[in-house]
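Peer 1: Can you read through this structure? Questions will come right after.
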Amino acid sequence: MAKALVETIPERGRYLESLTGKSLISSSQLNRDGILQLLRLAARCELDNRKFSCHLNNKILISAFFESSTRTRLSFESAWLRLGGCTVSITDKGTTRIGVGESLRDVAEMVSNYGDCVVLRDSCEDSVKIMSNNLSIPIINAGNGIDEHPTQSLIDLYALLKWNPNLLSGKGRKFSIGLIGAPARMRAARSLLILMSCFPEFFSEVFVLCDEEEQEPFRQAQLSMLQEKGLKIRLTDKVGDILPRLDVVYMNAISLKTMGHRDFGSGYFIDNNSPLKKQAIVLHPLPRMGELDSDLDDTSHNWYFIQAKGGVYVRMALAMAICGRPGEALDII
C-alpha cells in the first residue's frame with residue numbers, strides 16, 4: 001500500500017523544503033502539493049524508516065502535552081527518536097509553573113532556547129497561537145481544544161490513499177464517506193474536512209451524520225468554505241439509512257463528554273451488525289469511547305488500527321520537512 005503511493009506521487013522536493021522552519025497550527029496552511037509530498041515521504045518512511053535514522057541528529061523535540069494523550073504523544077516522540085533526535089517531555093501542566101499562572105508567552109521565550117521544535121497539545125484553543133507568536137522555533141499543533149488536529153488529518157488522508165491509491169492516478173472510483181459527529185466540536189473531523197477540500201474530486205458524496213438536535217454542527221462559514229472548494233456535503237441524522245451507501249465511515253469519539261462532546265445515542269453506535277457495505281472501511285482517530293464496538297476489530301472493516309500505525313510515519317515526514325533537512329530525504333535532488 002505504501003509502495004503504491006511512492007510510485008504514484010511524483011517527487012517534487014520544493015514543496016517539502018517550503019515547510020522548513022514553519023509552524024503547523026491548522027490544516028488550512030497546507031496545500032495539495034505539500035500534502036502529497038508529505039504523504040509520499042511518509043510512505044517512504046513506512047517502507048524503510050532506517051534510511052532516515054540520522055536525519056534529526058542533535059535536534060531536540062519539546063513534547064508539551066498539557067492535555068492527556070496516548071497515541072499522539074507517543075507517535076510524535078517515536079517519530080523523533082527514529083530520526084535520531086532527542087525528546088524532552090511535559091506530560092502534566094500541573095507539574096509546571098503554568099499551573100499556577102505563569103504566562104505562556106514567557107514559557108515560549110524560554111523553550112526557544114531549549115529545543116528545535118515544540119509539539120503542543122492543550123485543551124485551550126488559543127495556547128498554540130499564543131506560543132507560536134512568542135517562539136523563535138517551529139511549533140506543531142497536536143490538538144488545541146475542539147478546534148483542530150492537523151497531524152491527525154494527515155494521518156487520516158494517508159490511510160485513505162493507502163486504501164485507494166488509484167485515486168492519485170485518476171483511475172480510482174470516487175467514493176462516499178460519512179463523518180459521524182459535529183465538525184464544530186470535533187477537531188479531528190474539522191481538520192480532515194479541510195484536507196479533503198484540497199481533493200474534492202476523490203469524493204462522490206460527503207455526509208456529516210449528527211443528531212438532529214445539534215444546533216450548530218459547523219462553525220461560522222465552515223460549511224460554505226468547504227462547499228466552495230467542491231465538497232458535496234450533506235447533513236443528516238439518518239445514520240441507518242446512510243450507512244449502507246458509504247464506502248468509508250469516519251467515526252469520532254462522540255460519547256466523550258469532555259471538550260463539549262456529548263452522547264448522541266445508540267443510533268450512532270457501529271458494530272458488526274450495522275448495515276455496512278461489504279467492502280466498506282471504518283476509520284477512527286481513537287480513543288474509542290463505546291461508539292465503535294471491538295467486534296469489528298477482526299473484520300475487513302477495521303482500518304482504524306492501520307490508520308493509527310501510520311501516525312509515526314506521517315509525523316516522521318513532517319518532522320523532517322519542518323525541522324530537518326528535507327532535501328537529504330529526497331530520491332532526486
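Each chain of the C-alpha cells is named A, B, ... in the order shown, its residues numbered from 1; ligands are numbered from 1 in display order.
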For segment 159-172 of chain A, find every residue with an atom within 10 Å (counting only C-alpha atoms), except residues of its own chain fewer than 6 positions away, and show them as a list in words.
Peer 2: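 Neighbouring residues, sequence-local ones excluded: Met1, Ala2, Lys3, Ala4, Leu5, Val6, Glu7, Thr8, Ile9, Leu36, Leu39, Ala43, Ser153, Phe199, Glu201, Phe202, Phe203, Val248, Ile281, Leu283, Trp303, Tyr304, Phe305, Ile306, Gln307, Ala308, Lys309, Gly310 and Gly311 of chain A.
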Peer 1: Could you pull out the strand (DSSP E) residues of segment 126-272 of chain A from DSSP and send them as a list of chain:residue names?
Peer 2: A:Ile139, A:Ile140, A:Asn141, A:Ala142, A:Gly143, A:Asn144, A:Phe175, A:Ser176, A:Ile177, A:Gly178, A:Leu179, A:Ile180, A:Phe203, A:Ser204, A:Glu205, A:Val206, A:Phe207, A:Val208, A:Leu209, A:Ile233, A:Arg234, A:Leu235, A:Thr236, A:Val248, A:Val249, A:Tyr250
Peer 1: Quick one: distance from atom CA of Arg71 of chain A to atom CA of Met131 of chain A in Å, one decimal?
Peer 2: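 Between these atoms lies a distance of 22.9 Å.
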Peer 1: With DSSP run on the backbone, what are the helix (DSSP H, G or I) residues within segment 90-329 of chain A? I'd like them as a count of residues only.
Peer 2: 102
Peer 1: Set the distance at 8 Å and use only C-alpha atoms: which residues neighbour Met186 of chain A once local chain neighbours fewer than 5 positions away are removed? I'd like the list as JSON, numbers by chain.
Peer 2: {"A": [146, 147, 148, 181, 252, 261]}
Peer 1: Which one is closest to Asn31 of chain A: A:Asn144, A:Ser63, A:Ser197, A:Ser112? Count only C-alpha atoms.
Peer 2: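 Closest candidate: A:Ser197.
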Peer 1: Give the answer as one residue: which of A:Leu296, A:Val249, A:Ile139, A:Ala79 has the shortest atom-to-atom distance to Asn272 of chain A, using only C-alpha atoms?
Peer 2: A:Leu296
Peer 1: Neighbours of Ser127 of chain A within 10 Å (only C-alpha atoms; same-chain residues fewer than 4 positions away dropped), as a list in words?
Peer 2: Leu104, Arg105, Leu120, Arg121, Asp122, Ser123, Met131, Ser132, Asn141, Asn144 and Gly145 of chain A
Peer 1: Pick out the residues sitting within 10 Å of segment 12-25 of chain A, and hand them over as an MDAnalysis selection string; count only C-alpha atoms, and ignore anything fewer than 5 positions along from it in its own chain.
Peer 2: chainID A and resid 30:38 40:41 116:120 128:129 132 135:144 148:151 317:333
Peer 1: Those selected residues, please, written with C-alpha atoms and delivered as a PDB file, in the first residue's frame.
Peer 2:
```
ATOM      1  CA  LEU A  30      -1.264  23.002   3.740  1.00  0.00           C
ATOM      2  CA  ASN A  31      -1.883  22.943   0.010  1.00  0.00           C
ATOM      3  CA  ARG A  32      -2.480  19.990  -2.261  1.00  0.00           C
ATOM      4  CA  ASP A  33       1.121  19.623  -3.441  1.00  0.00           C
ATOM      5  CA  GLY A  34       2.579  19.947   0.030  1.00  0.00           C
ATOM      6  CA  ILE A  35       0.165  17.352   1.396  1.00  0.00           C
ATOM      7  CA  LEU A  36       1.041  14.853  -1.331  1.00  0.00           C
ATOM      8  CA  GLN A  37       4.777  15.297  -0.803  1.00  0.00           C
ATOM      9  CA  LEU A  38       4.416  14.799   2.953  1.00  0.00           C
ATOM     10  CA  ARG A  40       4.865  10.359  -0.190  1.00  0.00           C
ATOM     11  CA  LEU A  41       7.705  10.824   2.286  1.00  0.00           C
ATOM     12  CA  ASP A 116      14.427  22.871  17.968  1.00  0.00           C
ATOM     13  CA  CYS A 117      10.672  22.280  17.781  1.00  0.00           C
ATOM     14  CA  VAL A 118       7.680  22.247  20.132  1.00  0.00           C
ATOM     15  CA  VAL A 119       4.717  19.902  19.847  1.00  0.00           C
ATOM     16  CA  LEU A 120       1.831  21.237  21.904  1.00  0.00           C
ATOM     17  CA  VAL A 128      -0.841  27.149  20.374  1.00  0.00           C
ATOM     18  CA  LYS A 129      -1.330  30.563  18.777  1.00  0.00           C
ATOM     19  CA  SER A 132       3.595  30.484  18.207  1.00  0.00           C
ATOM     20  CA  LEU A 135       8.583  31.304  19.803  1.00  0.00           C
ATOM     21  CA  SER A 136      11.678  31.513  17.657  1.00  0.00           C
ATOM     22  CA  ILE A 137      11.380  27.799  16.785  1.00  0.00           C
ATOM     23  CA  PRO A 138       8.538  25.978  14.982  1.00  0.00           C
ATOM     24  CA  ILE A 139       5.514  24.646  16.835  1.00  0.00           C
ATOM     25  CA  ILE A 140       3.227  21.805  15.750  1.00  0.00           C
ATOM     26  CA  ASN A 141      -0.371  21.731  16.896  1.00  0.00           C
ATOM     27  CA  ALA A 142      -1.132  18.310  18.399  1.00  0.00           C
ATOM     28  CA  GLY A 143      -4.730  19.252  19.205  1.00  0.00           C
ATOM     29  CA  ASN A 144      -5.967  22.579  20.557  1.00  0.00           C
ATOM     30  CA  GLU A 148      -8.096  21.445  15.099  1.00  0.00           C
ATOM     31  CA  HIS A 149      -5.758  18.465  14.952  1.00  0.00           C
ATOM     32  CA  PRO A 150      -3.822  18.921  11.679  1.00  0.00           C
ATOM     33  CA  THR A 151      -1.421  15.987  12.009  1.00  0.00           C
ATOM     34  CA  ALA A 317       7.800  13.094   7.353  1.00  0.00           C
ATOM     35  CA  LEU A 318       6.519  16.292   8.937  1.00  0.00           C
ATOM     36  CA  ALA A 319       9.445  16.458  11.358  1.00  0.00           C
ATOM     37  CA  MET A 320      11.942  16.116   8.515  1.00  0.00           C
ATOM     38  CA  ALA A 321      10.176  18.783   6.490  1.00  0.00           C
ATOM     39  CA  ILE A 322       9.875  21.293   9.322  1.00  0.00           C
ATOM     40  CA  CYS A 323      12.999  20.702  11.382  1.00  0.00           C
ATOM     41  CA  GLY A 324      15.336  18.518   9.388  1.00  0.00           C
ATOM     42  CA  ARG A 325      16.987  18.738   6.041  1.00  0.00           C
ATOM     43  CA  PRO A 326      14.245  17.608   3.683  1.00  0.00           C
ATOM     44  CA  GLY A 327      16.467  17.740   0.607  1.00  0.00           C
ATOM     45  CA  GLU A 328      18.535  14.887   2.015  1.00  0.00           C
ATOM     46  CA  ALA A 329      15.422  12.721   2.196  1.00  0.00           C
ATOM     47  CA  LEU A 330      14.594  13.000  -1.487  1.00  0.00           C
ATOM     48  CA  ASP A 331      15.064  10.340  -4.127  1.00  0.00           C
ATOM     49  CA  ILE A 332      16.048  13.042  -6.617  1.00  0.00           C
ATOM     50  CA  ILE A 333      17.817  16.230  -5.593  1.00  0.00           C
TER      51      ILE A 333
END
```
Peer 1: Report as a VMD selection string all protein, DNA and RNA residues lying within 12 Å of Asp241 of chain A, evaluated on only C-alpha atoms, omitting residues in the same chain fewer than 6 positions from it.
Peer 2: chain A and resid 178 207 209 267 to 268 274 to 276
Peer 1: Fewer than 6 positions away in the same chain doesn't count, so skip those; otherwise give me all residues within 10 Å of Arg219 of chain A, counting only C-alpha atoms, as a PyMOL selection string.
Peer 2: chain A and resi 147+182-185+190
Peer 1: How far is it from atom CA of Gly230 of chain A to atom CA of Leu179 of chain A, in Å with one decimal?
Peer 2: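 Pair atom CA of Gly230 of chain A / atom CA of Leu179 of chain A returns 16.9 Å.
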Peer 1: Which residue is closest to Tyr114 of chain A? Choose from A:Val239, A:Leu61, A:Ser78, A:Thr72 and count only C-alpha atoms.
Peer 2: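 Closest to Tyr114 of chain A of all the choices is A:Leu61.
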Peer 1: Using only C-alpha atoms for the distances, tell me which of A:Ala189, A:Leu246, A:Ile62, A:Cys45 is nearest to Asn113 of chain A.
Peer 2: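 Closest candidate: A:Ile62.
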